[in-house]
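Text of input_29.txt (compact mmCIF, N, CA and C atoms) as supplied:
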# COMPACT_ATOMS: atom_id res chain seq x y z
N MET A 1 4.39 -17.71 14.35
CA MET A 1 3.78 -16.51 13.81
C MET A 1 4.79 -15.83 12.88
N SER A 2 4.33 -15.41 11.70
CA SER A 2 5.22 -14.82 10.72
C SER A 2 5.52 -13.36 11.04
N HIS A 3 6.54 -12.85 10.37
CA HIS A 3 6.91 -11.44 10.48
C HIS A 3 5.69 -10.54 10.24
N TRP A 4 4.92 -10.84 9.18
CA TRP A 4 3.79 -9.98 8.82
C TRP A 4 2.65 -10.09 9.82
N GLN A 5 2.47 -11.24 10.44
CA GLN A 5 1.40 -11.38 11.43
C GLN A 5 1.68 -10.55 12.67
N LYS A 6 2.96 -10.27 12.96
CA LYS A 6 3.34 -9.47 14.13
C LYS A 6 3.63 -8.01 13.79
N TYR A 7 3.55 -7.67 12.53
CA TYR A 7 3.96 -6.34 12.06
C TYR A 7 3.20 -5.21 12.75
N HIS A 8 1.92 -5.40 12.99
CA HIS A 8 1.12 -4.34 13.62
C HIS A 8 1.66 -3.95 14.99
N ALA A 9 2.23 -4.91 15.72
CA ALA A 9 2.73 -4.63 17.06
C ALA A 9 3.95 -3.72 17.05
N ARG A 10 4.67 -3.71 15.93
CA ARG A 10 5.86 -2.85 15.81
C ARG A 10 5.60 -1.57 15.03
N TRP A 11 4.39 -1.38 14.55
CA TRP A 11 4.09 -0.26 13.67
C TRP A 11 4.50 1.09 14.28
N ALA A 12 4.22 1.30 15.54
CA ALA A 12 4.52 2.60 16.17
C ALA A 12 6.02 2.90 16.19
N GLN A 13 6.86 1.88 16.17
CA GLN A 13 8.31 2.10 16.19
C GLN A 13 8.91 2.30 14.79
N ILE A 14 8.15 2.00 13.77
CA ILE A 14 8.67 2.11 12.41
C ILE A 14 8.70 3.58 12.00
N GLN A 15 9.83 4.00 11.50
CA GLN A 15 10.03 5.40 11.10
C GLN A 15 10.41 5.46 9.62
N PRO A 16 10.34 6.67 9.03
CA PRO A 16 10.85 6.81 7.66
C PRO A 16 12.32 6.39 7.61
N PRO A 17 12.74 5.78 6.58
CA PRO A 17 12.09 5.65 5.29
C PRO A 17 11.16 4.45 5.16
N LEU A 18 11.04 3.60 6.18
CA LEU A 18 10.15 2.45 6.05
C LEU A 18 8.68 2.83 6.16
N ARG A 19 8.40 3.98 6.72
CA ARG A 19 7.05 4.55 6.70
C ARG A 19 7.11 5.82 5.88
N PRO A 20 6.05 6.12 5.15
CA PRO A 20 6.11 7.32 4.31
C PRO A 20 6.12 8.59 5.16
N ASN A 21 7.00 9.51 4.78
CA ASN A 21 7.03 10.80 5.46
C ASN A 21 6.18 11.79 4.66
N GLU A 22 6.20 13.04 5.09
CA GLU A 22 5.40 14.08 4.45
C GLU A 22 5.77 14.27 2.98
N ASP A 23 7.04 14.16 2.65
CA ASP A 23 7.48 14.31 1.25
C ASP A 23 6.91 13.20 0.36
N VAL A 24 6.89 11.99 0.86
CA VAL A 24 6.34 10.87 0.09
C VAL A 24 4.86 11.10 -0.15
N VAL A 25 4.14 11.46 0.89
CA VAL A 25 2.69 11.69 0.75
C VAL A 25 2.43 12.84 -0.22
N GLU A 26 3.20 13.90 -0.12
CA GLU A 26 3.03 15.04 -1.02
C GLU A 26 3.26 14.63 -2.47
N HIS A 27 4.25 13.80 -2.71
CA HIS A 27 4.51 13.33 -4.07
C HIS A 27 3.33 12.48 -4.58
N LEU A 28 2.79 11.62 -3.73
CA LEU A 28 1.63 10.83 -4.12
C LEU A 28 0.45 11.74 -4.47
N LEU A 29 0.27 12.81 -3.69
CA LEU A 29 -0.83 13.74 -3.94
C LEU A 29 -0.65 14.51 -5.25
N GLN A 30 0.58 14.65 -5.70
CA GLN A 30 0.82 15.26 -7.01
C GLN A 30 0.43 14.29 -8.14
N LEU A 31 0.59 13.00 -7.88
CA LEU A 31 0.24 11.99 -8.88
C LEU A 31 -1.25 11.69 -8.90
N ALA A 32 -1.87 11.70 -7.74
CA ALA A 32 -3.30 11.43 -7.60
C ALA A 32 -3.86 12.42 -6.58
N LYS A 33 -4.70 13.30 -7.03
CA LYS A 33 -5.23 14.39 -6.19
C LYS A 33 -5.99 13.84 -4.98
N PRO A 34 -6.08 14.62 -3.90
CA PRO A 34 -6.74 14.15 -2.68
C PRO A 34 -8.22 13.80 -2.87
N THR A 35 -8.83 14.30 -3.94
CA THR A 35 -10.24 13.99 -4.20
C THR A 35 -10.42 12.69 -4.96
N CYS A 36 -9.33 12.07 -5.39
CA CYS A 36 -9.41 10.81 -6.13
C CYS A 36 -10.00 9.70 -5.27
N ASN A 37 -10.67 8.79 -5.94
CA ASN A 37 -11.17 7.56 -5.33
C ASN A 37 -10.06 6.53 -5.51
N ILE A 38 -9.43 6.10 -4.40
CA ILE A 38 -8.26 5.24 -4.53
C ILE A 38 -8.45 3.86 -3.92
N VAL A 39 -7.69 2.92 -4.45
CA VAL A 39 -7.46 1.63 -3.81
C VAL A 39 -6.10 1.78 -3.14
N LEU A 40 -6.04 1.46 -1.87
CA LEU A 40 -4.78 1.49 -1.12
C LEU A 40 -4.37 0.05 -0.85
N LEU A 41 -3.21 -0.33 -1.35
CA LEU A 41 -2.69 -1.68 -1.13
C LEU A 41 -2.02 -1.70 0.24
N GLY A 42 -2.74 -2.17 1.23
CA GLY A 42 -2.31 -2.10 2.63
C GLY A 42 -3.14 -1.05 3.35
N VAL A 43 -2.81 -0.79 4.59
CA VAL A 43 -3.59 0.16 5.39
C VAL A 43 -2.73 1.30 5.92
N THR A 44 -1.74 1.72 5.17
CA THR A 44 -0.82 2.77 5.60
C THR A 44 -1.60 4.03 5.96
N PRO A 45 -1.63 4.41 7.25
CA PRO A 45 -2.47 5.53 7.68
C PRO A 45 -2.07 6.87 7.09
N GLU A 46 -0.79 7.10 6.87
CA GLU A 46 -0.35 8.38 6.31
C GLU A 46 -0.96 8.60 4.92
N ILE A 47 -1.09 7.54 4.16
CA ILE A 47 -1.69 7.64 2.83
C ILE A 47 -3.20 7.71 2.95
N ALA A 48 -3.78 6.87 3.77
CA ALA A 48 -5.24 6.87 3.95
C ALA A 48 -5.73 8.24 4.40
N ASP A 49 -5.00 8.88 5.29
CA ASP A 49 -5.41 10.19 5.80
C ASP A 49 -5.35 11.29 4.75
N ALA A 50 -4.56 11.09 3.70
CA ALA A 50 -4.38 12.12 2.67
C ALA A 50 -5.51 12.14 1.64
N TYR A 51 -6.32 11.10 1.60
CA TYR A 51 -7.37 10.97 0.59
C TYR A 51 -8.74 10.88 1.24
N GLY A 52 -9.73 11.39 0.52
CA GLY A 52 -11.10 11.38 1.03
C GLY A 52 -11.86 10.10 0.76
N ARG A 53 -11.51 9.41 -0.35
CA ARG A 53 -12.22 8.18 -0.72
C ARG A 53 -11.19 7.06 -0.90
N VAL A 54 -11.20 6.13 0.04
CA VAL A 54 -10.18 5.08 0.09
C VAL A 54 -10.84 3.72 0.30
N THR A 55 -10.45 2.76 -0.52
CA THR A 55 -10.74 1.35 -0.27
C THR A 55 -9.39 0.70 -0.03
N ALA A 56 -9.12 0.38 1.22
CA ALA A 56 -7.84 -0.24 1.60
C ALA A 56 -8.02 -1.75 1.66
N ILE A 57 -7.00 -2.45 1.20
CA ILE A 57 -7.05 -3.92 1.20
C ILE A 57 -5.82 -4.44 1.93
N ASP A 58 -6.06 -5.26 2.94
CA ASP A 58 -4.96 -5.88 3.68
C ASP A 58 -5.43 -7.26 4.12
N LYS A 59 -4.56 -8.25 3.96
CA LYS A 59 -4.97 -9.61 4.36
C LYS A 59 -4.69 -9.91 5.83
N ASN A 60 -4.08 -8.95 6.52
CA ASN A 60 -3.75 -9.15 7.94
C ASN A 60 -4.80 -8.45 8.80
N PRO A 61 -5.68 -9.20 9.46
CA PRO A 61 -6.72 -8.56 10.27
C PRO A 61 -6.16 -7.72 11.41
N ALA A 62 -4.99 -8.08 11.93
CA ALA A 62 -4.39 -7.30 13.01
C ALA A 62 -3.94 -5.93 12.52
N MET A 63 -3.48 -5.83 11.28
CA MET A 63 -3.12 -4.52 10.72
C MET A 63 -4.36 -3.65 10.59
N ILE A 64 -5.44 -4.22 10.13
CA ILE A 64 -6.68 -3.44 10.00
C ILE A 64 -7.16 -3.00 11.38
N ALA A 65 -7.14 -3.90 12.34
CA ALA A 65 -7.63 -3.58 13.69
C ALA A 65 -6.75 -2.57 14.43
N ASN A 66 -5.45 -2.59 14.17
CA ASN A 66 -4.53 -1.78 14.98
C ASN A 66 -3.87 -0.62 14.27
N VAL A 67 -3.85 -0.60 12.94
CA VAL A 67 -3.14 0.45 12.20
C VAL A 67 -4.10 1.30 11.37
N TRP A 68 -5.11 0.68 10.79
CA TRP A 68 -6.07 1.40 9.95
C TRP A 68 -6.74 2.50 10.77
N PRO A 69 -6.82 3.74 10.21
CA PRO A 69 -7.39 4.84 10.98
C PRO A 69 -8.90 4.72 11.22
N GLY A 70 -9.56 3.83 10.54
CA GLY A 70 -10.98 3.59 10.80
C GLY A 70 -11.84 3.84 9.58
N ASN A 71 -12.91 3.08 9.48
CA ASN A 71 -13.87 3.26 8.39
C ASN A 71 -14.75 4.47 8.67
N ASN A 72 -15.15 5.13 7.60
CA ASN A 72 -16.13 6.21 7.70
C ASN A 72 -16.87 6.28 6.37
N ALA A 73 -17.60 7.33 6.12
CA ALA A 73 -18.41 7.41 4.90
C ALA A 73 -17.57 7.29 3.63
N GLY A 74 -16.32 7.74 3.65
CA GLY A 74 -15.50 7.70 2.44
C GLY A 74 -14.39 6.68 2.46
N LYS A 75 -14.18 6.02 3.60
CA LYS A 75 -13.03 5.11 3.72
C LYS A 75 -13.46 3.79 4.33
N ARG A 76 -12.91 2.72 3.75
CA ARG A 76 -13.18 1.39 4.31
C ARG A 76 -11.98 0.50 4.07
N ALA A 77 -11.78 -0.42 4.97
CA ALA A 77 -10.73 -1.42 4.83
C ALA A 77 -11.39 -2.78 4.61
N ILE A 78 -10.81 -3.53 3.70
CA ILE A 78 -11.29 -4.88 3.37
C ILE A 78 -10.19 -5.86 3.73
N GLU A 79 -10.56 -6.91 4.46
CA GLU A 79 -9.60 -7.98 4.74
C GLU A 79 -9.64 -8.96 3.58
N ASP A 80 -8.59 -8.94 2.77
CA ASP A 80 -8.53 -9.82 1.61
C ASP A 80 -7.11 -9.78 1.05
N ASP A 81 -6.86 -10.63 0.11
CA ASP A 81 -5.58 -10.72 -0.59
C ASP A 81 -5.68 -9.90 -1.87
N TRP A 82 -4.67 -9.08 -2.15
CA TRP A 82 -4.68 -8.24 -3.35
C TRP A 82 -4.87 -9.06 -4.61
N LEU A 83 -4.39 -10.29 -4.59
CA LEU A 83 -4.45 -11.14 -5.78
C LEU A 83 -5.81 -11.83 -5.96
N HIS A 84 -6.70 -11.69 -4.97
CA HIS A 84 -7.98 -12.37 -5.04
C HIS A 84 -9.18 -11.47 -4.77
N VAL A 85 -8.97 -10.29 -4.24
CA VAL A 85 -10.09 -9.42 -3.87
C VAL A 85 -10.93 -9.09 -5.11
N ASN A 86 -12.22 -9.02 -4.90
CA ASN A 86 -13.14 -8.72 -5.99
C ASN A 86 -13.53 -7.24 -5.91
N LEU A 87 -12.93 -6.43 -6.76
CA LEU A 87 -13.26 -5.01 -6.84
C LEU A 87 -13.85 -4.72 -8.22
N PRO A 88 -14.74 -3.75 -8.29
CA PRO A 88 -15.33 -3.43 -9.60
C PRO A 88 -14.31 -2.84 -10.57
N HIS A 89 -14.43 -3.23 -11.82
CA HIS A 89 -13.53 -2.73 -12.86
C HIS A 89 -13.90 -1.28 -13.21
N ASP A 90 -12.90 -0.53 -13.66
CA ASP A 90 -13.10 0.85 -14.12
C ASP A 90 -13.77 1.72 -13.05
N SER A 91 -13.36 1.58 -11.80
CA SER A 91 -14.04 2.28 -10.71
C SER A 91 -13.15 3.18 -9.87
N PHE A 92 -11.84 3.12 -10.04
CA PHE A 92 -10.93 3.87 -9.16
C PHE A 92 -10.01 4.77 -9.98
N ASP A 93 -9.75 5.94 -9.43
CA ASP A 93 -8.87 6.91 -10.09
C ASP A 93 -7.40 6.55 -9.91
N ALA A 94 -7.10 5.86 -8.82
CA ALA A 94 -5.70 5.52 -8.54
C ALA A 94 -5.63 4.26 -7.69
N VAL A 95 -4.56 3.51 -7.89
CA VAL A 95 -4.17 2.40 -7.01
C VAL A 95 -2.82 2.81 -6.45
N ILE A 96 -2.74 2.86 -5.12
CA ILE A 96 -1.55 3.37 -4.45
C ILE A 96 -1.06 2.34 -3.44
N GLY A 97 0.26 2.18 -3.38
CA GLY A 97 0.85 1.28 -2.40
C GLY A 97 2.15 1.83 -1.86
N ASP A 98 2.49 1.42 -0.67
CA ASP A 98 3.75 1.82 -0.06
C ASP A 98 4.56 0.55 0.20
N GLY A 99 5.45 0.25 -0.73
CA GLY A 99 6.24 -0.97 -0.62
C GLY A 99 5.44 -2.22 -0.96
N SER A 100 4.27 -2.04 -1.52
CA SER A 100 3.38 -3.17 -1.76
C SER A 100 3.96 -4.20 -2.72
N LEU A 101 4.60 -3.75 -3.78
CA LEU A 101 5.17 -4.72 -4.73
C LEU A 101 6.34 -5.48 -4.12
N ASN A 102 6.95 -4.94 -3.06
CA ASN A 102 7.99 -5.66 -2.36
C ASN A 102 7.42 -6.81 -1.52
N ASN A 103 6.12 -6.84 -1.35
CA ASN A 103 5.49 -7.80 -0.46
C ASN A 103 4.74 -8.92 -1.15
N VAL A 104 4.94 -9.06 -2.45
CA VAL A 104 4.38 -10.23 -3.12
C VAL A 104 5.49 -11.25 -3.30
N ALA A 105 5.13 -12.50 -3.42
CA ALA A 105 6.09 -13.59 -3.28
C ALA A 105 7.04 -13.77 -4.47
N CYS A 106 6.59 -13.46 -5.67
CA CYS A 106 7.44 -13.75 -6.83
C CYS A 106 7.07 -12.83 -7.98
N PRO A 107 7.92 -12.77 -9.01
CA PRO A 107 7.62 -11.91 -10.15
C PRO A 107 6.27 -12.19 -10.81
N GLY A 108 5.87 -13.45 -10.84
CA GLY A 108 4.57 -13.78 -11.42
C GLY A 108 3.42 -13.12 -10.67
N GLU A 109 3.56 -13.02 -9.35
CA GLU A 109 2.52 -12.36 -8.55
C GLU A 109 2.52 -10.85 -8.78
N ILE A 110 3.69 -10.28 -9.01
CA ILE A 110 3.74 -8.85 -9.33
C ILE A 110 2.96 -8.59 -10.61
N SER A 111 3.21 -9.40 -11.62
CA SER A 111 2.50 -9.26 -12.88
C SER A 111 0.99 -9.42 -12.70
N ALA A 112 0.59 -10.42 -11.91
CA ALA A 112 -0.83 -10.65 -11.67
C ALA A 112 -1.47 -9.47 -10.94
N LEU A 113 -0.77 -8.92 -9.95
CA LEU A 113 -1.30 -7.78 -9.22
C LEU A 113 -1.43 -6.56 -10.13
N LEU A 114 -0.42 -6.31 -10.95
CA LEU A 114 -0.49 -5.17 -11.86
C LEU A 114 -1.63 -5.33 -12.87
N GLN A 115 -1.84 -6.53 -13.36
CA GLN A 115 -2.95 -6.78 -14.28
C GLN A 115 -4.29 -6.51 -13.62
N ARG A 116 -4.44 -6.95 -12.37
CA ARG A 116 -5.68 -6.72 -11.63
C ARG A 116 -5.87 -5.23 -11.38
N ALA A 117 -4.80 -4.55 -10.96
CA ALA A 117 -4.89 -3.12 -10.66
C ALA A 117 -5.31 -2.33 -11.90
N MET A 118 -4.79 -2.68 -13.06
CA MET A 118 -5.15 -1.97 -14.29
C MET A 118 -6.64 -2.12 -14.60
N LYS A 119 -7.23 -3.23 -14.23
CA LYS A 119 -8.67 -3.43 -14.45
C LYS A 119 -9.50 -2.57 -13.50
N TRP A 120 -9.00 -2.35 -12.28
CA TRP A 120 -9.74 -1.53 -11.31
C TRP A 120 -9.75 -0.06 -11.69
N LEU A 121 -8.71 0.37 -12.43
CA LEU A 121 -8.56 1.79 -12.74
C LEU A 121 -9.48 2.24 -13.87
N VAL A 122 -9.96 3.48 -13.73
CA VAL A 122 -10.66 4.12 -14.84
C VAL A 122 -9.63 4.40 -15.93
N PRO A 123 -10.07 4.57 -17.17
CA PRO A 123 -9.11 4.93 -18.22
C PRO A 123 -8.33 6.20 -17.81
N GLY A 124 -7.03 6.14 -17.95
CA GLY A 124 -6.18 7.26 -17.56
C GLY A 124 -5.86 7.30 -16.07
N GLY A 125 -6.29 6.27 -15.33
CA GLY A 125 -6.01 6.21 -13.90
C GLY A 125 -4.52 6.05 -13.62
N VAL A 126 -4.17 6.20 -12.35
CA VAL A 126 -2.76 6.22 -11.93
C VAL A 126 -2.46 5.00 -11.05
N PHE A 127 -1.35 4.35 -11.32
CA PHE A 127 -0.80 3.34 -10.41
C PHE A 127 0.47 3.94 -9.84
N ALA A 128 0.54 4.07 -8.52
CA ALA A 128 1.73 4.64 -7.87
C ALA A 128 2.09 3.78 -6.67
N CYS A 129 3.30 3.27 -6.68
CA CYS A 129 3.75 2.42 -5.58
C CYS A 129 5.20 2.73 -5.27
N ARG A 130 5.45 3.09 -4.03
CA ARG A 130 6.83 3.30 -3.60
C ARG A 130 7.47 1.93 -3.41
N LEU A 131 8.70 1.80 -3.88
CA LEU A 131 9.43 0.54 -3.78
C LEU A 131 10.64 0.71 -2.89
N PHE A 132 11.07 -0.37 -2.29
CA PHE A 132 12.27 -0.37 -1.47
C PHE A 132 13.31 -1.23 -2.16
N GLU A 133 14.56 -0.78 -2.08
CA GLU A 133 15.64 -1.60 -2.62
C GLU A 133 16.74 -1.71 -1.58
N ARG A 134 17.44 -2.79 -1.66
CA ARG A 134 18.55 -3.06 -0.75
C ARG A 134 19.73 -2.17 -1.15
N PRO A 135 20.45 -1.62 -0.18
CA PRO A 135 21.64 -0.82 -0.54
C PRO A 135 22.69 -1.69 -1.22
N ASP A 136 23.56 -1.05 -1.99
CA ASP A 136 24.67 -1.76 -2.60
C ASP A 136 25.50 -2.41 -1.51
N ARG A 137 26.07 -3.57 -1.82
CA ARG A 137 26.91 -4.27 -0.84
C ARG A 137 28.06 -3.39 -0.39
N GLU A 138 28.62 -2.60 -1.30
CA GLU A 138 29.76 -1.73 -0.95
C GLU A 138 29.36 -0.73 0.13
N ILE A 139 28.18 -0.19 0.01
CA ILE A 139 27.69 0.77 1.02
C ILE A 139 27.48 0.06 2.35
N MET A 140 26.97 -1.15 2.31
CA MET A 140 26.67 -1.90 3.53
C MET A 140 27.93 -2.28 4.31
N THR A 141 29.05 -2.39 3.64
CA THR A 141 30.27 -2.83 4.33
C THR A 141 31.09 -1.67 4.90
N HIS A 142 30.73 -0.44 4.60
CA HIS A 142 31.48 0.72 5.10
C HIS A 142 30.84 1.31 6.33

Would you mind writing the structure in this file as structure tokens?
Amino acid sequence: MSHWQKYHARWAQIQPPLRPNEDVVEHLLQLAKPTCNIVLLGVTPEIADAYGRVTAIDKNPAMIANVWPGNNAGKRAIEDDWLHVNLPHDSFDAVIGDGSLNNVACPGEISALLQRAMKWLVPGGVFACRLFERPDREIMTH
């Protein structure tokens, strides 16, 4: 079983900065208002809870079953791959992710995902994704 297949079981123990805190969510809300219709890359509940209209996409059914806050009239989760999911073009105000670009396999997939996301967005829509970077080696050795 891969790291990602077991990720849902450790979700409750994950803390900021690996999970978005209130400051991260507030910054996202400045970029895309809470009334926006968003695509969420993954099922991060802190982000899903901040928006009224969410289409979340995650290829891990265990994440949807155990982490997603639940479908309702304005929110739904789809089990699919970001690189293959069929979403309508020009239909979303924002595409939001938390570390999502860190989770694609290679630079070519990043480009493919960004191209797909741009098609989903209405003209003038927002793409916002928090990224993670490894600390400098010098910092890691002290």

Notebook entry, point to check: Which residue out of A:Pro107, A:Pro45, A:Gly125, A:Gly70 has the minimum interatomic distance to Val95 (chain A) when only N, CA and C atoms are used?
Noted result: A:Gly125

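Each of A:Gln115, A:Asn71, A:Ser91, A:Asn21 was compared to Glu46 (chain A) using all atoms listed in the file, and A:Asn21 turns out to be the nearest.
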
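Taking all atoms listed in the file into account, those protein, DNA and RNA residues with any atom at most 8 Å away from (-7.1, 10.3, -6.9) amount to Leu29, Leu31, Ala32, Lys33, Pro34, Thr35, Cys36, Asn37, Ile38, Val39, Tyr51, Gly52, Arg53, Phe92, Asp93, Ala94, Val95 and Val126 of chain A.
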
Next item on the list: Select, from A:Leu113, A:Val25, A:Ala73, A:Leu41, the residue with the minimum atom-to-atom distance to Asp58 (chain A), counting only N, CA and C atoms.
Entry: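 Answer, going by the shortest atom-to-atom distance: A:Leu41.
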
Notebook entry, point to check: So which one's closest to Leu18 (chain A), A:Asp98, A:Ala105, A:Leu83, A:Arg116? Using all atoms listed in the file, please.
Noted result: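 Ranked by minimum distance to Leu18 (chain A), first place goes to A:Asp98.
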
Check: What is the distance, in Å and to one decimal place, between CA of Val43 (chain A) and atom C of Arg76 (chain A)?
Finding: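 Value for the CA of Val43 (chain A)-atom C of Arg76 (chain A) distance: 8.5 Å.
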
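Taking CA of Leu28 (chain A) as the reference point, CA of Arg137 (chain A) is found at 29.6 Å.
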
Check: In Å to one decimal, how far is CA of Asp49 (chain A) from CA of Leu121 (chain A)?
Finding: 20.6 Å

Next item on the list: Please provide the set of residues having any atom within 9 Å of Pro61 (chain A), restricted to only C-alpha atoms, with same-chain residues fewer than 2 positions apart removed, written as JSON, numbers by chain.
Entry: {"A": [5, 58, 59, 63, 64, 65, 66, 79, 80]}

Next item on the list: Rank nothing, just name the residue among A:Ala56, A:His89, A:Pro20, A:Pro135 nearest to Gly42 (chain A), using all atoms listed in the file.
Entry: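 Between A:Ala56, A:His89, A:Pro20, A:Pro135, the residue approaching Gly42 (chain A) most closely is A:Ala56.
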
Margin query: Please extract the residues of chain A with a backbone DSSP assignment of helix (DSSP H, G or I) and present them as a ChimeraX atom specification.
Written below: /A:3-13,22-31,45-48,61-66,100-103,107-120,137-141

Item checked: All strand (DSSP E) residues (DSSP, backbone) inside chain A, as a PyMOL selection string -> chain A and resi 37-41+53-58+75-79+92-98+121-130

For N, CA and C atoms, I'd like the residues from the last selection saved as an mmCIF file, in the coordinates of the input.
data_model
loop_
_atom_site.group_PDB
_atom_site.id
_atom_site.type_symbol
_atom_site.label_atom_id
_atom_site.label_comp_id
_atom_site.auth_asym_id
_atom_site.auth_seq_id
_atom_site.Cartn_x
_atom_site.Cartn_y
_atom_site.Cartn_z
ATOM 1 N N ASN A 37 -10.670 8.790 -5.940
ATOM 2 C CA ASN A 37 -11.170 7.560 -5.330
ATOM 3 C C ASN A 37 -10.060 6.530 -5.510
ATOM 4 N N ILE A 38 -9.430 6.100 -4.400
ATOM 5 C CA ILE A 38 -8.260 5.240 -4.530
ATOM 6 C C ILE A 38 -8.450 3.860 -3.920
ATOM 7 N N VAL A 39 -7.690 2.920 -4.450
ATOM 8 C CA VAL A 39 -7.460 1.630 -3.810
ATOM 9 C C VAL A 39 -6.100 1.780 -3.140
ATOM 10 N N LEU A 40 -6.040 1.460 -1.870
ATOM 11 C CA LEU A 40 -4.780 1.490 -1.120
ATOM 12 C C LEU A 40 -4.370 0.050 -0.850
ATOM 13 N N LEU A 41 -3.210 -0.330 -1.350
ATOM 14 C CA LEU A 41 -2.690 -1.680 -1.130
ATOM 15 C C LEU A 41 -2.020 -1.700 0.240
ATOM 16 N N ARG A 53 -11.510 9.410 -0.350
ATOM 17 C CA ARG A 53 -12.220 8.180 -0.720
ATOM 18 C C ARG A 53 -11.190 7.060 -0.900
ATOM 19 N N VAL A 54 -11.200 6.130 0.040
ATOM 20 C CA VAL A 54 -10.180 5.080 0.090
ATOM 21 C C VAL A 54 -10.840 3.720 0.300
ATOM 22 N N THR A 55 -10.450 2.760 -0.520
ATOM 23 C CA THR A 55 -10.740 1.350 -0.270
ATOM 24 C C THR A 55 -9.390 0.700 -0.030
ATOM 25 N N ALA A 56 -9.120 0.380 1.220
ATOM 26 C CA ALA A 56 -7.840 -0.240 1.600
ATOM 27 C C ALA A 56 -8.020 -1.750 1.660
ATOM 28 N N ILE A 57 -7.000 -2.450 1.200
ATOM 29 C CA ILE A 57 -7.050 -3.920 1.200
ATOM 30 C C ILE A 57 -5.820 -4.440 1.930
ATOM 31 N N ASP A 58 -6.060 -5.260 2.940
ATOM 32 C CA ASP A 58 -4.960 -5.880 3.680
ATOM 33 C C ASP A 58 -5.430 -7.260 4.120
ATOM 34 N N LYS A 75 -14.180 6.020 3.600
ATOM 35 C CA LYS A 75 -13.030 5.110 3.720
ATOM 36 C C LYS A 75 -13.460 3.790 4.330
ATOM 37 N N ARG A 76 -12.910 2.720 3.750
ATOM 38 C CA ARG A 76 -13.180 1.390 4.310
ATOM 39 C C ARG A 76 -11.980 0.500 4.070
ATOM 40 N N ALA A 77 -11.780 -0.420 4.970
ATOM 41 C CA ALA A 77 -10.730 -1.420 4.830
ATOM 42 C C ALA A 77 -11.390 -2.780 4.610
ATOM 43 N N ILE A 78 -10.810 -3.530 3.700
ATOM 44 C CA ILE A 78 -11.290 -4.880 3.370
ATOM 45 C C ILE A 78 -10.190 -5.860 3.730
ATOM 46 N N GLU A 79 -10.560 -6.910 4.460
ATOM 47 C CA GLU A 79 -9.600 -7.980 4.740
ATOM 48 C C GLU A 79 -9.640 -8.960 3.580
ATOM 49 N N PHE A 92 -11.840 3.120 -10.040
ATOM 50 C CA PHE A 92 -10.930 3.870 -9.160
ATOM 51 C C PHE A 92 -10.010 4.770 -9.980
ATOM 52 N N ASP A 93 -9.750 5.940 -9.430
ATOM 53 C CA ASP A 93 -8.870 6.910 -10.090
ATOM 54 C C ASP A 93 -7.400 6.550 -9.910
ATOM 55 N N ALA A 94 -7.100 5.860 -8.820
ATOM 56 C CA ALA A 94 -5.700 5.520 -8.540
ATOM 57 C C ALA A 94 -5.630 4.260 -7.690
ATOM 58 N N VAL A 95 -4.560 3.510 -7.890
ATOM 59 C CA VAL A 95 -4.170 2.400 -7.010
ATOM 60 C C VAL A 95 -2.820 2.810 -6.450
ATOM 61 N N ILE A 96 -2.740 2.860 -5.120
ATOM 62 C CA ILE A 96 -1.550 3.370 -4.450
ATOM 63 C C ILE A 96 -1.060 2.340 -3.440
ATOM 64 N N GLY A 97 0.260 2.180 -3.380
ATOM 65 C CA GLY A 97 0.850 1.280 -2.400
ATOM 66 C C GLY A 97 2.150 1.830 -1.860
ATOM 67 N N ASP A 98 2.490 1.420 -0.670
ATOM 68 C CA ASP A 98 3.750 1.820 -0.060
ATOM 69 C C ASP A 98 4.560 0.550 0.200
ATOM 70 N N LEU A 121 -8.710 0.370 -12.430
ATOM 71 C CA LEU A 121 -8.560 1.790 -12.740
ATOM 72 C C LEU A 121 -9.480 2.240 -13.870
ATOM 73 N N VAL A 122 -9.960 3.480 -13.730
ATOM 74 C CA VAL A 122 -10.660 4.120 -14.840
ATOM 75 C C VAL A 122 -9.630 4.400 -15.930
ATOM 76 N N PRO A 123 -10.070 4.570 -17.170
ATOM 77 C CA PRO A 123 -9.110 4.930 -18.220
ATOM 78 C C PRO A 123 -8.330 6.200 -17.810
ATOM 79 N N GLY A 124 -7.030 6.140 -17.950
ATOM 80 C CA GLY A 124 -6.180 7.260 -17.560
ATOM 81 C C GLY A 124 -5.860 7.300 -16.070
ATOM 82 N N GLY A 125 -6.290 6.270 -15.330
ATOM 83 C CA GLY A 125 -6.010 6.210 -13.900
ATOM 84 C C GLY A 125 -4.520 6.050 -13.620
ATOM 85 N N VAL A 126 -4.170 6.200 -12.350
ATOM 86 C CA VAL A 126 -2.760 6.220 -11.930
ATOM 87 C C VAL A 126 -2.460 5.000 -11.050
ATOM 88 N N PHE A 127 -1.350 4.350 -11.320
ATOM 89 C CA PHE A 127 -0.800 3.340 -10.410
ATOM 90 C C PHE A 127 0.470 3.940 -9.840
ATOM 91 N N ALA A 128 0.540 4.070 -8.520
ATOM 92 C CA ALA A 128 1.730 4.640 -7.870
ATOM 93 C C ALA A 128 2.090 3.780 -6.670
ATOM 94 N N CYS A 129 3.300 3.270 -6.680
ATOM 95 C CA CYS A 129 3.750 2.420 -5.580
ATOM 96 C C CYS A 129 5.200 2.730 -5.270
ATOM 97 N N ARG A 130 5.450 3.090 -4.030
ATOM 98 C CA ARG A 130 6.830 3.300 -3.600
ATOM 99 C C ARG A 130 7.470 1.930 -3.410
#

Item checked: From A:Trp82, A:Ile96, A:Thr55, A:Pro88, residue lying nearest Ala112 (chain A) [all atoms listed in the file] ->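 Smallest distance to Ala112 (chain A) is found for A:Trp82.
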